4 protein chains.
Amino acid sequence: MKPVMRSIAAHPDLELQVLASGTMVLERFDLPVRVVKQDGFPVDGEIYIELEGSTPATMAKSVGFGVVEFASAFQRLQPDIVLLIGDRYEALAAAIAAGYMNICLGHIQGGEVSGSIDESARHAITKFAHYHFPSTKRSAEYLLRMGEDPETVLTIGCPSGDIARSLDRQLRDEVINGRGGGAQIDLAQPFLLVVFHPTTTEYGGEPVQMQQLLGALNELKQQTILLWPNIDAGSDHVSKAIRVFRDHVKPCWLRTLINVPPEEYQRILATTACAVGNSSSFVRDASYFGTPVVLVGNRQEGRETDVHVLPVAPEKDQIFSAIRSQLSHGRYPASSLYGDGFVSDRIADALAKLNPYVQKRLHYIYQADGNGSGKGGENGNGEAVATRNVIPCKSSAS
Amino acid sequence: MKPVMRSIAAHPDLELQVLASGTMVLERFDLPVRVVKQDGFPVDGEIYIELEGSTPATMAKSVGFGVVEFASAFQRLQPDIVLLIGDRYEALAAAIAAGYMNICLGHIQGGEVSGSIDESARHAITKFAHYHFPSTKRSAEYLLRMGEDPETVLTIGCPSGDIARSLDRQLRDEVINGRGGGAQIDLAQPFLLVVFHPTTTEYGGEPVQMQQLLGALNELKQQTILLWPNIDAGSDHVSKAIRVFRDHVKPCWLRTLINVPPEEYQRILATTACAVGNSSSFVRDASYFGTPVVLVGNRQEGRETDVHVLPVAPEKDQIFSAIRSQLSHGRYPASSLYGDGFVSDRIADALAKLNPYVQKRLHYIYQADGNGSGKGGENGNGEAVATRNVIPCKSSAS
Amino acid sequence: MKPVMRSIAAHPDLELQVLASGTMVLERFDLPVRVVKQDGFPVDGEIYIELEGSTPATMAKSVGFGVVEFASAFQRLQPDIVLLIGDRYEALAAAIAAGYMNICLGHIQGGEVSGSIDESARHAITKFAHYHFPSTKRSAEYLLRMGEDPETVLTIGCPSGDIARSLDRQLRDEVINGRGGGAQIDLAQPFLLVVFHPTTTEYGGEPVQMQQLLGALNELKQQTILLWPNIDAGSDHVSKAIRVFRDHVKPCWLRTLINVPPEEYQRILATTACAVGNSSSFVRDASYFGTPVVLVGNRQEGRETDVHVLPVAPEKDQIFSAIRSQLSHGRYPASSLYGDGFVSDRIADALAKLNPYVQKRLHYIYQADGNGSGKGGENGNGEAVATRNVIPCKSSAS
Amino acid sequence: MKPVMRSIAAHPDLELQVLASGTMVLERFDLPVRVVKQDGFPVDGEIYIELEGSTPATMAKSVGFGVVEFASAFQRLQPDIVLLIGDRYEALAAAIAAGYMNICLGHIQGGEVSGSIDESARHAITKFAHYHFPSTKRSAEYLLRMGEDPETVLTIGCPSGDIARSLDRQLRDEVINGRGGGAQIDLAQPFLLVVFHPTTTEYGGEPVQMQQLLGALNELKQQTILLWPNIDAGSDHVSKAIRVFRDHVKPCWLRTLINVPPEEYQRILATTACAVGNSSSFVRDASYFGTPVVLVGNRQEGRETDVHVLPVAPEKDQIFSAIRSQLSHGRYPASSLYGDGFVSDRIADALAKLNPYVQKRLHYIYQADGNGSGKGGENGNGEAVATRNVIPCKSSAS
């Protein structure tokens, strides 16, 4: 989201407001919102919504609290447009609040396909969104097939590529070895990056999946940076499996990090010999870097992937073989499947020019009538509005 | 929902649980939940979610509280399937709670098109629902186009027709004149029925719209039963317009009723000379009765209607002329657009036979691969499960 | 609260912030917050907390939502001091939020005694409050006996008297007859004022109590202004009793008003021949005006009252006789039991001089040790802080 | 709470219902509620209320959510009496819900004095409680001085002593070394027990305090069992200080445990050579065992302590000296300050005999009138009710 925020802040016809939520505001995740502030962005609200427990019920309730809190924030800030990215529960919560409050909603990364409850949440957000900024052509096509108005499906390409394009990829030792716990990592040697989030729709199956993954790593004994999981339902199960493994096996090759600032994370992803797990960044951001990926399990099932991704079931032998295979293959050429690295400015331009409207309606009924536009007279000539507030709801990545 | 509840309760392979929410549990609406209990249904939870205020922000927050409360109820009741009807905010809340809690969700009346925020909420519910029971063929087709798996789009037809089919249509005087306030209604003479809910996406415009409607009625001076609006954002505006009109004009032709038990409401709808306003029941239930309808404004814009419906803008002269026209036309033949009156048993049968699953995925990706089924091996042979819990979330109609 | 807000706004060392909650922000109560804005006060937040239902459970939940919402507001506004008045659930909610957030809390009207759940809430607020501004000497003494530090029990006297002192008491006809419904009131003739709120601790008993009260009024047939009840648990029962009475008896002597701006309410209270019911304003504000009061039931049981108050049980004959007795007695001399009319400036001065601290501790333990001060070194020299934020949480009166 | 639950379950005139909340239901704390179930108690509800963040604002909101959730549970379970223990935010939440819902409230451990926000919460609970079961004579006296009715201040003594009295004190190695992380503990040798919770009213000061404590331990290098803190505001600060210390110093004498079943905790407390930190159990439970305690900081400031407690400021040198002093002193004789070990049965008996009532009123007003009883006719003869529901709200200890 950061490159989009930068483009919005720099745009003469747009005024930026920022709400931080999700793990962004959690001390337990090292308060990523601090980085946002250090980068010079305004933060107009910090929204705490996560109920402790990391069960399906508490995750559902966190959505509910999110709706309540975002409604308060929107009532106060009165934005012209709310801009969301992705498919996380905090994004869903903000979408519902905006929808019921008649605020025009823009959505980045709609139309994609994956596993976990994020799959349903993403399409539900689409159904509340007034304008769409899909990352790929397939996503854009899917949005149209779902009944969204073609005039509202705008800029194609994912802004995460913009970071990758301009990123200084030099990874500093202190970022890795100056924090967290476990083995020291020699950055001059190949290392693995492991991120494994729970798949909420397979709640209860995480401990075994994580054990299989750790078992494969323990065979390899390659130096490894492991990040703790996000806070989806089931994350306590994943964390516990890691702690038990660490306490029993006392692996000399494993370093654990609680949270890493977003750009440092990009540097790790750009540098690692192989990324193992199920973060969506392995599909998306890693494609720009050509980083070899072993994609474990169903969390990203259905996403568009480029050749750098090798999907496997969450079974020790398969994971072990796939990592070996990727390590021997080495780095892939950079991909532009998810954008050309100049997407954010196009999104900001589109935001400045679009015409906020309120009433959505399934576009099929206009097609049936042979009527080309769902918003007809409402949408007018689309000239640029002088200034307008845009709130990107900044939240934790998946 | 009542005929479906009856069919579920009577089905040997299903166990019924009931949650009542929305205006069902509000004293201000005469506690409709009492009727449910009197009809012999169990009520396993009464869920209060409406925040006072009836502004867009409080309506959004009511969704949030609904998610929280339904999550608590589902955690306690552990249903196999949650069954929802319609597009109201309490239905959306229940859908999100079920989705994040990995509970299989069935949805009645998906795929329809209307105005108000209900339009977005309905399609968002579809995106969380695992099985669909659309009311019309067009709705079913739209669900498929939106990417739902064909195997999950089941029984077509709306259960509201089941009530109409078997209803004793005799309206008793005390139901009308034994409660509420204002003029006495002579049921032997023609009377109008007026229900006008706010269109949330036009928040702020309700007072003028209601004044236009009341102005038209005041020209006609035909005896009229008016029901107070539901509790969507803007309803206090509508109520105030009614109160001001009543206090200033002191109309001798107007009777106001706070709430009417569902079957009595059906009888009024079957008997009235013309229904005026924007309740979805005017499109749906009135079609079985052939009741002439003047549909005012955009709340139901886009819904499939039969010939009994005459849509007009919320302007006094148009409304006046349309009512006159409908009164001179008189009753229409019964329509079967929304079902044949035998739908509920088919829904119960389908519930007993379906195979609950958790992970949804946009069906397009299977089509692209030439793969016919989204749930493949998971879905198995679909034989009937011995007993299962089904929770229909009973809520207020729109 | 208004005179205190005015004194704070005018004080050179204080900065005023205002949060409006409770019925202040409800359209159903005619948005009293509008008057606050018209009077030129800033309103830094509007907080919606009332869950529909008016049952004991929904009232409890409204407290809970209130804590959540006030916590968001305090996090955003970062006040030095939060100033509350009274014993209502929104005040309790704000007190808890401030307490857990380590914000210094000032409380007006602590130490009083009454019925209803307000009694418990008031003393619980005292236990979170760091400074107290009791209305009477008895209240101040009770605060000390409850273990509050004598150094924190400040200015004695109720600011509501400040309004009364300077009020222009001229009641305009349009305030009464230009709004609401029912009979016209001839302000040149004696009229009754009736306000009857539910006593939450007697939930379920309200309909009979209100019927008794209405029965007494129907015997008198004196022209009467009746205000609808607040939104405590049970208020829907009271409202329904009024509506049923109005629809059946069609009393020609009764005018109902939904809400009245605070100063107009004071004028009615100053003018009425007799106030009947259980509003705390009948005990407090009416004392300045010497207005005869018939205090019905237990809601104010235990409050200090002056001679103008005649308490009766909620029984028709007793109420009837008491009103007759008060009407024949006529107006009483003004009382200064609740303050001298110059209290607000003293409160503002005290706020400017007090020393915010965080950790409270039951004062008894210092007495036992023969140690005179509970806050010892923390409290320091107590010099005035240059500027400080004060948030009075403005809410509905009881 | 367990011995009280056992006594209630065994009592012929009482029916037990149990709600588990707080850290009891958190996987992160090893789901202590499992132990409750294993012990054969019914668990009628699991209530998740903790918002992630552990800031003052999120702690306040957790109280709010708690009120909402307990209100739902009480609405469903309809208890005659709610029985609470202590001063934690979940207890406050349950007290408020019960109060506004007119449910008779019993409170164990009222009238005590401490630091942290618990001090205010405890007395606020007292103000909602209808019956009190104080732990000590001083507490009972304080309750009366606060204006509670003498007839409602019942059994004196703390039920936690009942566990201690009958406890088999044999500590098994696997409880300590079969879980958690860090050094192995030789139970045949003296070991320290360290528990340090944040003092919410000193939010922000925790890291330094914990560093001082860890610094003192690092001088001693005595083998040590350290438990992670509870989830009060500031706990993430404490946890982080521990993790940083562990990662940098890599102490060979330190074992960390996430959570320990209550009875095992008692065994550790009974066995340790010295308990260091600020848990209330160090004041209360340790007194029965005569365990030497070094009480660090202000969290328990003001509590009644026996001779086994040595209070110090949170400064390295003072803590170091105090531990040395306590180690050389060795074990103290058992104390009966907090009860004789036969308290629970007396509480159950009192519950069976007490007369539930609703309306509280500050007792001073009866004293002033020379009237001996606050509840007069309501309280009647107090004969035992045949059966009644009692809900002890089981929650995490402080």
# chains A, B, ... in the order shown; residues from 1 in each chain; ligands from 1
>>> select_by_dssp(residues="range 137-192 of chain B", states="strand (DSSP E or B)", output="PyMOL selection string")
chain B and resi 153+181-182+192
>>> closest_atom_pairs(of="chain B", to="chain C", cutoff="9 Å", atoms="only C-alpha atoms", output="Markdown table")
| residue | atom | partner | partner_atom | distance |
| --- | --- | --- | --- | --- |
| B:Val25 | CA | C:Gly53 | CA | 7.5 |
| B:Leu26 | CA | C:Gly53 | CA | 5.2 |
| B:Glu27 | CA | C:Gly53 | CA | 6.3 |
| B:Arg28 | CA | C:Asp236 | CA | 6.5 |
| B:Tyr48 | CA | C:Thr58 | CA | 7.1 |
| B:Ile49 | CA | C:Leu51 | CA | 6.7 |
| B:Glu50 | CA | C:Glu52 | CA | 5.2 |
| B:Leu51 | CA | C:Leu51 | CA | 4.2 |
| B:Glu52 | CA | C:Glu50 | CA | 5.2 |
| B:Gly53 | CA | C:Leu26 | CA | 5.2 |
| B:Ser54 | CA | C:Glu27 | CA | 8.1 |
| B:Thr55 | CA | C:Glu27 | CA | 8.8 |
| B:Ala57 | CA | C:Tyr48 | CA | 9.0 |
| B:Thr58 | CA | C:Tyr48 | CA | 7.1 |
| B:Ser62 | CA | C:Leu51 | CA | 8.7 |
| B:Arg179 | CA | C:Val244 | CA | 8.3 |
| B:Gly180 | CA | C:Asp247 | CA | 7.5 |
| B:Gly181 | CA | C:Asp247 | CA | 5.8 |
| B:Gly182 | CA | C:Asp247 | CA | 7.8 |
| B:Asp236 | CA | C:Arg28 | CA | 6.4 |
| B:His237 | CA | C:Glu27 | CA | 8.1 |
| B:Lys240 | CA | C:Arg28 | CA | 8.4 |
| B:Arg243 | CA | C:Gly181 | CA | 8.5 |
| B:Val244 | CA | C:Gly180 | CA | 8.2 |
| B:Arg246 | CA | C:Gly181 | CA | 8.7 |
| B:Asp247 | CA | C:Gly181 | CA | 5.8 |
| B:His248 | CA | C:Gly181 | CA | 8.8 |
>>> select_by_dssp(residues="range 295-331 of chain D", states="alpha helix (DSSP H)", output="short mmCIF file (atom, residue, chain, number, x, y, z; two decimals) with C-alpha atoms, in the first residue's frame")
data_model
loop_
_atom_site.label_atom_id
_atom_site.label_comp_id
_atom_site.auth_asym_id
_atom_site.auth_seq_id
_atom_site.Cartn_x
_atom_site.Cartn_y
_atom_site.Cartn_z
CA LYS D 316 17.88 -3.99 41.12
CA ASP D 317 19.91 -3.60 44.31
CA GLN D 318 16.90 -3.63 46.59
CA ILE D 319 15.48 -6.70 44.90
CA PHE D 320 18.85 -8.48 45.06
CA SER D 321 19.27 -7.78 48.78
CA ALA D 322 15.70 -8.72 49.62
CA ILE D 323 15.94 -12.09 47.85
CA ARG D 324 19.22 -12.82 49.64
CA SER D 325 17.60 -11.90 52.94
CA GLN D 326 14.56 -14.11 52.32
CA LEU D 327 16.69 -17.05 51.18
CA SER D 328 18.75 -16.89 54.31
CA HIS D 329 15.61 -16.59 56.46
#
>>> atom_distance(atom1="CA of Gly106 in chain A", atom2="CA of Tyr131 in chain A")
4.7 Å
>>> closest_residue(among="B:Val343, B:Ala241, B:Leu362, B:Ala313", to="Ala124 in chain A", atoms="only C-alpha atoms")
B:Leu362
>>> residues_around(residues="Thr136 in chain B", least_positions_apart="5", cutoff="7 Å", atoms="only C-alpha atoms", output="short mmCIF file (atom, residue, chain, number, x, y, z; two decimals) with N, CA, C and O atoms, in the first residue's frame")
data_model
loop_
_atom_site.label_atom_id
_atom_site.label_comp_id
_atom_site.auth_asym_id
_atom_site.auth_seq_id
_atom_site.Cartn_x
_atom_site.Cartn_y
_atom_site.Cartn_z
N ILE B 156 -35.28 -24.08 -6.92
CA ILE B 156 -35.67 -22.74 -7.36
C ILE B 156 -37.11 -22.46 -6.98
O ILE B 156 -37.99 -23.30 -7.16
N GLY B 157 -37.32 -21.27 -6.43
CA GLY B 157 -38.66 -20.90 -5.97
C GLY B 157 -38.56 -20.31 -4.58
O GLY B 157 -37.69 -20.68 -3.80
N LEU B 337 -44.29 -16.34 -10.69
CA LEU B 337 -42.91 -15.92 -10.94
C LEU B 337 -41.99 -16.33 -9.80
O LEU B 337 -40.87 -16.77 -10.02
N TYR B 338 -42.48 -16.16 -8.56
CA TYR B 338 -41.63 -16.44 -7.40
C TYR B 338 -41.90 -17.81 -6.76
O TYR B 338 -41.67 -17.99 -5.59
#
